[in-house]
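The next block holds one structure in the form of structure tokens; read it before the comments.
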2 protein chains.
Amino acid sequence: MKTKQNTLFVGSLAKGLKLLRVFNETNIELSLAELVHHSGLDKSATQRLANTLHLEGMLDKDPVTKRFRPSHAWLQLAYTYFWSDPLTGQAMPSLIDLSQKLGESVNLTELSGDHIIYVARLPCKRTNFAATVPGRRLPALSTTTGRAMLATFPEDERQHAIETWPIKRFTPYTELDRREIRGLVEAAVSDGYAIAGNQMILNELAIGIPIKGSDGRAYSAVQCSVSALQWTPERLIAEVLPALQDTANSISPPSRVPLGGHL
Amino acid sequence: MKTKQNTLFVGSLAKGLKLLRVFNETNIELSLAELVHHSGLDKSATQRLANTLHLEGMLDKDPVTKRFRPSHAWLQLAYTYFWSDPLTGQAMPSLIDLSQKLGESVNLTELSGDHIIYVARLPCKRTNFAATVPGRRLPALSTTTGRAMLATFPEDERQHAIETWPIKRFTPYTELDRREIRGLVEAAVSDGYAIAGNQMILNELAIGIPIKGSDGRAYSAVQCSVSALQWTPERLIAEVLPALQDTANSISPPSRVPLGGHL
DNA sequence: CTGGAAGTATTATATTGTAATACTATATAT
DNA sequence: ATATATAGTATTACAATATAATACTTCCAG
């Protein structure tokens with residue numbers, strides 16, 4: 001390993017993790033050769049590392065096609081994560097109540113560097129697969145919860161984030177203009193919530209509100225997303241916002257140091 | 001590394017993974033010393049490996065207490081798992097419909113060696129935290145879905161499993177007698193479903209049915225769990241079973257080689 | 001203020017992972 | 001069918017890398 005020339009850095013471990021990270025929405029199942037290609041590691045290293053990951057139960061290997069794919073262990077790690085995150089345990093009951101009360105999809109997100117990550121998802125209507133499973137990471141500036149959390153930050157941090165944090169197009173209507181985004185975040189500052197439509201998915205309308213800590217800053221948020229075909233922003237604010245606020249208030253976030261955003 | 005003296009085995013990677021696996025429901029956050037203690041690795045190795053995991057974003061480190069805990073990356077891995085598992089995408093819409101229709105909690109499990117693992121959970125009522133998040137692994141013989149899946153296996157495999165697979169006590173009522181379990185599995189063979197109460201959680205009643213592949217064997221199952229205070233087994237069978245069966249039938253499991261059970 | 005425990009840093013050493021290469025099996029084309 | 005290519009698997013000599021011992025630093029508790 002040439003980078004991180006540090007005696008406290010174990011290159012082999014880092015390379016193994018790199019192999020895990022090659023898998024994603026599109027790379028669902030990979031052959032050794034594909035693993036080599038996507039990881040940038042050489043054939044020998046990939047062979048040994050992938051084999052180790054397989055023996056250790058981190059990768060399943062199809063005995064006939066010889067292709068590797070994520071194992072159940074990946075799910076188990078998430079289970080452990082949920083236990084380690086005090087917020088999830090705190091929030092879960094309220095979120096269930098909320099989703100039952102509204103009959104609409106409810107989500108819990110956390111700030112993860114300059115992204116948000118979905119921690120808990122309670123889908124009530126058929127949607128996008130991506131919108132039904134936890135663990136998705138999205139650019140904070142492109143999401144209602146990201147903007148709602150950012151709105152709780154001091155002026156200077158907020159401005160810096162608006163100027164530098166990443167944005168990505170998901171639909172033809174995804175907001176890409178940072179001046180517009182500034183306006184939306186500032187609106188969230190005064191309103192206490194952020195609302196948006198068609199940002200991630202077409203015909204989706206979402207409203208997000210921050211879960212503030214004792215210092216007034218939010219590192220997590222609750223969101224409700226509904227179909228734009230059946231709802232209007234006005235109705236969302238009138239009918240959903242109050243319940244959402246009750247829920248957010250019922251969750252007292254454990255005070256913790258904010259987390260970095262890797263992987 | 002003394003074990004696995006194989007040139008295709010990278011010990012450092014395995015040790016790093018071992019460190020990850022030290023975290024669980026109870027070991028939520030660990031100091032370096034605790035990591036040493038639980039992993040069995042020496043101080044130097046633990047130091048280097050934990051540091052690497054931290055630098056690679058797999059472990060968060062509290063800058064003040066210096067303690068390590070699972071990072072958001074653990075959730076992201078689960079997200080990738082969900083994409084890699086064709087069953088999840090296939091089943092999700094039907095499961096959402098089912099949970100909405102019943103107004104009760106619905107779960108999707110897969111066989112993972114001699115355990116089952118919860119892949120998707122759609123909680124509709126407040127419960128145990130453990131019953132609301134995916135990734136939990138339980139001894140197959142102790143669960144309705146495990147028994148329902150096992151019931152689709154040929155006689156000899158079924159018997160072998162009943163005699164050898166692990167069992168664990170969760171409540172004072174958890175069935176521990178393998179002869180009783182045999183009876184329950186055989187009932188599932190003729191009924192096509194398994195039902196049980198108070199096995200994992202007190203006052204919980206659950207019914208599970210297999211999702212059979214083209215060969216007649218099931219490696220996944222759908223389950224519905226309700227409160228024993230409001231339901232009787234009879235009512236569960238009368239009112240829930242038909243919908244559950246429709247759901248299971250609507251899910252055609254992708255034919256795949258069954259998976260091992262590691263971690 | 002002192003002692004001890006926990007975290008961090010350094011270094012000489014050889015164990016471990018490496019990369020090159022050879023082997024085998026499977027698939028595709030002629 | 002046979003040849004050719006492509007992918008997966010196995011082996012080995014070598015040295016780079018991870019190691020373990022040790023020393024340093026920091027932070028509490030007594």
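Every chain in the structure tokens has a letter given in the order shown (A, B, ...), and although residue numbers restart at 1 in each chain, ligands are simply numbered from 1 in the order shown.
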
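For segment 164-201 of chain B, a DSSP pass over the backbone yields strand (DSSP E or B) at Ala194, Ile195, Ala196 and Gly197 of chain B.
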
Using N, CA and C atoms, can you export the residues from the last selection as a short mmCIF file (atom, residue, chain, number, x, y, z; two decimals), in the first residue's frame?
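File produced: selection.cif:
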```cif
data_model
loop_
_atom_site.label_atom_id
_atom_site.label_comp_id
_atom_site.auth_asym_id
_atom_site.auth_seq_id
_atom_site.Cartn_x
_atom_site.Cartn_y
_atom_site.Cartn_z
N ALA B 194 -47.18 -22.24 9.96
CA ALA B 194 -46.79 -22.52 11.35
C ALA B 194 -47.30 -21.39 12.22
N ILE B 195 -47.75 -21.74 13.39
CA ILE B 195 -48.28 -20.72 14.30
C ILE B 195 -47.70 -20.96 15.68
N ALA B 196 -47.45 -19.90 16.41
CA ALA B 196 -46.89 -20.05 17.74
C ALA B 196 -47.10 -18.78 18.56
N GLY B 197 -47.03 -18.96 19.85
CA GLY B 197 -47.20 -17.81 20.72
C GLY B 197 -46.14 -17.78 21.80
#
```

Residues within 7 Å of segment 184-190 of chain A, please, as a PDB file with N, CA and C atoms, in the first residue's frame. Count only C-alpha atoms (C1' of nucleotides); anything in the same chain fewer than 3 positions from it doesn't count.
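File around-v5.pdb, as written:
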```pdb
ATOM      1  N   ARG A 147     -32.251  19.781   4.530  1.00  0.00           N
ATOM      2  CA  ARG A 147     -32.465  21.226   4.613  1.00  0.00           C
ATOM      3  C   ARG A 147     -33.027  21.610   5.975  1.00  0.00           C
ATOM      4  N   ALA A 148     -33.913  20.784   6.500  1.00  0.00           N
ATOM      5  CA  ALA A 148     -34.503  21.073   7.803  1.00  0.00           C
ATOM      6  C   ALA A 148     -33.446  21.028   8.904  1.00  0.00           C
ATOM      7  N   ALA A 151     -31.090  23.999   8.668  1.00  0.00           N
ATOM      8  CA  ALA A 151     -31.754  25.224   9.116  1.00  0.00           C
ATOM      9  C   ALA A 151     -31.566  25.473  10.608  1.00  0.00           C
ATOM     10  N   THR A 152     -31.159  24.437  11.339  1.00  0.00           N
ATOM     11  CA  THR A 152     -30.947  24.628  12.773  1.00  0.00           C
ATOM     12  C   THR A 152     -29.514  25.048  13.087  1.00  0.00           C
ATOM     13  N   GLU A 180     -31.384  28.972  -5.155  1.00  0.00           N
ATOM     14  CA  GLU A 180     -32.730  28.484  -4.838  1.00  0.00           C
ATOM     15  C   GLU A 180     -32.696  27.675  -3.545  1.00  0.00           C
ATOM     16  N   ILE A 181     -31.673  26.838  -3.442  1.00  0.00           N
ATOM     17  CA  ILE A 181     -31.557  26.007  -2.240  1.00  0.00           C
ATOM     18  C   ILE A 181     -31.401  26.881  -0.997  1.00  0.00           C
ATOM     19  N   TYR A 193     -39.750  23.798   9.189  1.00  0.00           N
ATOM     20  CA  TYR A 193     -39.893  22.564   8.390  1.00  0.00           C
ATOM     21  C   TYR A 193     -39.449  22.844   6.966  1.00  0.00           C
ATOM     22  N   ALA A 194     -39.194  21.810   6.197  1.00  0.00           N
ATOM     23  CA  ALA A 194     -38.854  21.958   4.783  1.00  0.00           C
ATOM     24  C   ALA A 194     -39.804  21.096   3.976  1.00  0.00           C
TER      25      ALA A 194
END
```

Margin query: as a VMD selection string, please: the residues near DG7 of chain C (cut-off 12 Å, only C-alpha atoms (C1' of nucleotides), same-chain neighbours under 2 positions excluded).
Written below: (chain B and resid 31 to 33 43 to 44 46 to 47 51 63 to 67) or (chain C and resid 5 9) or (chain D and resid 24 to 27)

Let's have the selection written as a compact mmCIF listing (two decimals), in the first residue's frame, with N, CA and C atoms (P, O5', C5', C4', C3', O3' and C1' of nucleotides).
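Printed below is again-v8.txt as written:
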```
# COMPACT_ATOMS: atom_id res chain seq x y z
N SER B 31 -14.32 0.67 24.22
CA SER B 31 -13.01 1.29 24.30
C SER B 31 -11.98 0.35 23.68
N LEU B 32 -10.79 0.84 23.47
CA LEU B 32 -9.74 0.01 22.91
C LEU B 32 -9.52 -1.21 23.80
N ALA B 33 -9.47 -0.97 25.11
CA ALA B 33 -9.23 -2.07 26.05
C ALA B 33 -10.34 -3.11 25.98
N LYS B 43 -3.09 -6.07 22.21
CA LYS B 43 -3.29 -4.63 22.23
C LYS B 43 -2.80 -3.95 20.94
N SER B 44 -1.62 -4.35 20.50
CA SER B 44 -1.06 -3.72 19.30
C SER B 44 -1.94 -3.95 18.09
N THR B 46 -5.07 -4.81 17.93
CA THR B 46 -6.35 -4.13 18.09
C THR B 46 -6.20 -2.65 17.78
N GLN B 47 -5.13 -2.10 18.27
CA GLN B 47 -4.89 -0.68 18.04
C GLN B 47 -4.81 -0.38 16.55
N ASN B 51 -7.85 1.35 14.43
CA ASN B 51 -7.49 2.62 13.82
C ASN B 51 -7.78 2.61 12.31
N PRO B 63 -14.37 11.56 19.93
CA PRO B 63 -13.09 12.26 20.14
C PRO B 63 -12.78 12.50 21.60
N VAL B 64 -13.78 12.50 22.46
CA VAL B 64 -13.49 12.74 23.87
C VAL B 64 -13.35 11.46 24.67
N THR B 65 -14.28 10.54 24.52
CA THR B 65 -14.16 9.29 25.29
C THR B 65 -13.24 8.28 24.61
N LYS B 66 -12.90 8.52 23.35
CA LYS B 66 -12.04 7.62 22.57
C LYS B 66 -12.68 6.25 22.33
N ARG B 67 -13.99 6.17 22.52
CA ARG B 67 -14.63 4.87 22.34
C ARG B 67 -15.12 4.72 20.91
P DA C 5 -3.77 -0.47 37.41
O5' DA C 5 -4.88 -0.11 36.33
C5' DA C 5 -5.82 0.92 36.61
C4' DA C 5 -6.15 1.65 35.33
C3' DA C 5 -6.12 0.76 34.08
O3' DA C 5 -7.25 1.06 33.29
C1' DA C 5 -4.78 2.66 33.74
P DA C 9 -0.57 9.19 18.10
O5' DA C 9 0.92 8.64 18.27
C5' DA C 9 1.80 9.30 19.16
C4' DA C 9 3.12 8.53 19.20
C3' DA C 9 3.71 8.21 17.82
O3' DA C 9 5.02 8.78 17.78
C1' DA C 9 3.68 6.27 19.22
P DC D 24 10.73 6.39 26.92
O5' DC D 24 9.54 7.37 26.53
C5' DC D 24 9.31 7.68 25.15
C4' DC D 24 7.89 8.16 24.99
C3' DC D 24 7.50 9.27 25.97
O3' DC D 24 7.07 10.40 25.24
C1' DC D 24 5.83 7.59 25.85
P DT D 25 6.86 11.79 26.01
O5' DT D 25 5.27 11.85 26.15
C5' DT D 25 4.46 11.69 24.99
C4' DT D 25 3.02 11.60 25.41
C3' DT D 25 2.57 12.69 26.40
O3' DT D 25 1.49 13.37 25.82
C1' DT D 25 1.83 10.55 27.08
P DT D 26 0.96 14.73 26.41
O5' DT D 26 -0.49 14.33 26.93
C5' DT D 26 -1.31 13.44 26.14
C4' DT D 26 -2.39 12.84 27.01
C3' DT D 26 -2.99 13.83 28.02
O3' DT D 26 -4.39 13.86 27.79
C1' DT D 26 -2.48 11.76 29.04
P DC D 27 -5.32 14.99 28.38
O5' DC D 27 -6.16 14.14 29.41
C5' DC D 27 -6.65 12.85 29.04
C4' DC D 27 -7.02 12.06 30.28
C3' DC D 27 -7.66 12.93 31.37
O3' DC D 27 -8.82 12.27 31.85
C1' DC D 27 -5.90 11.65 32.26
```

Note to self: So that I can check the surroundings of DT12 of chain D, please list as a ChimeraX atom specification every protein, DNA and RNA residue that reaches within 12 Å of it, counting only C-alpha atoms (C1' of nucleotides) and ignoring chain neighbours fewer than 4 positions away.
What the structure shows: /B:7 /C:18-22

Go ahead and write the residues just picked, C-alpha atoms (C1' of nucleotides), as a compact mmCIF listing (two decimals), in the first residue's frame.
```
# COMPACT_ATOMS: atom_id res chain seq x y z
CA THR B 7 -1.92 -18.59 1.30
C1' DT C 18 2.54 -10.40 -2.13
C1' DA C 19 2.85 -10.68 -7.37
C1' DA C 20 4.34 -13.42 -10.91
C1' DT C 21 3.43 -17.41 -13.05
C1' DA C 22 1.67 -21.71 -14.02
```

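Interface residues of chain C facing chain B, defined by any atom at most 10 Å away and using only C-alpha atoms (C1' of nucleotides), are DA6, DG7, DT8, DT15, DT16, DG17 and DT18 of chain C.
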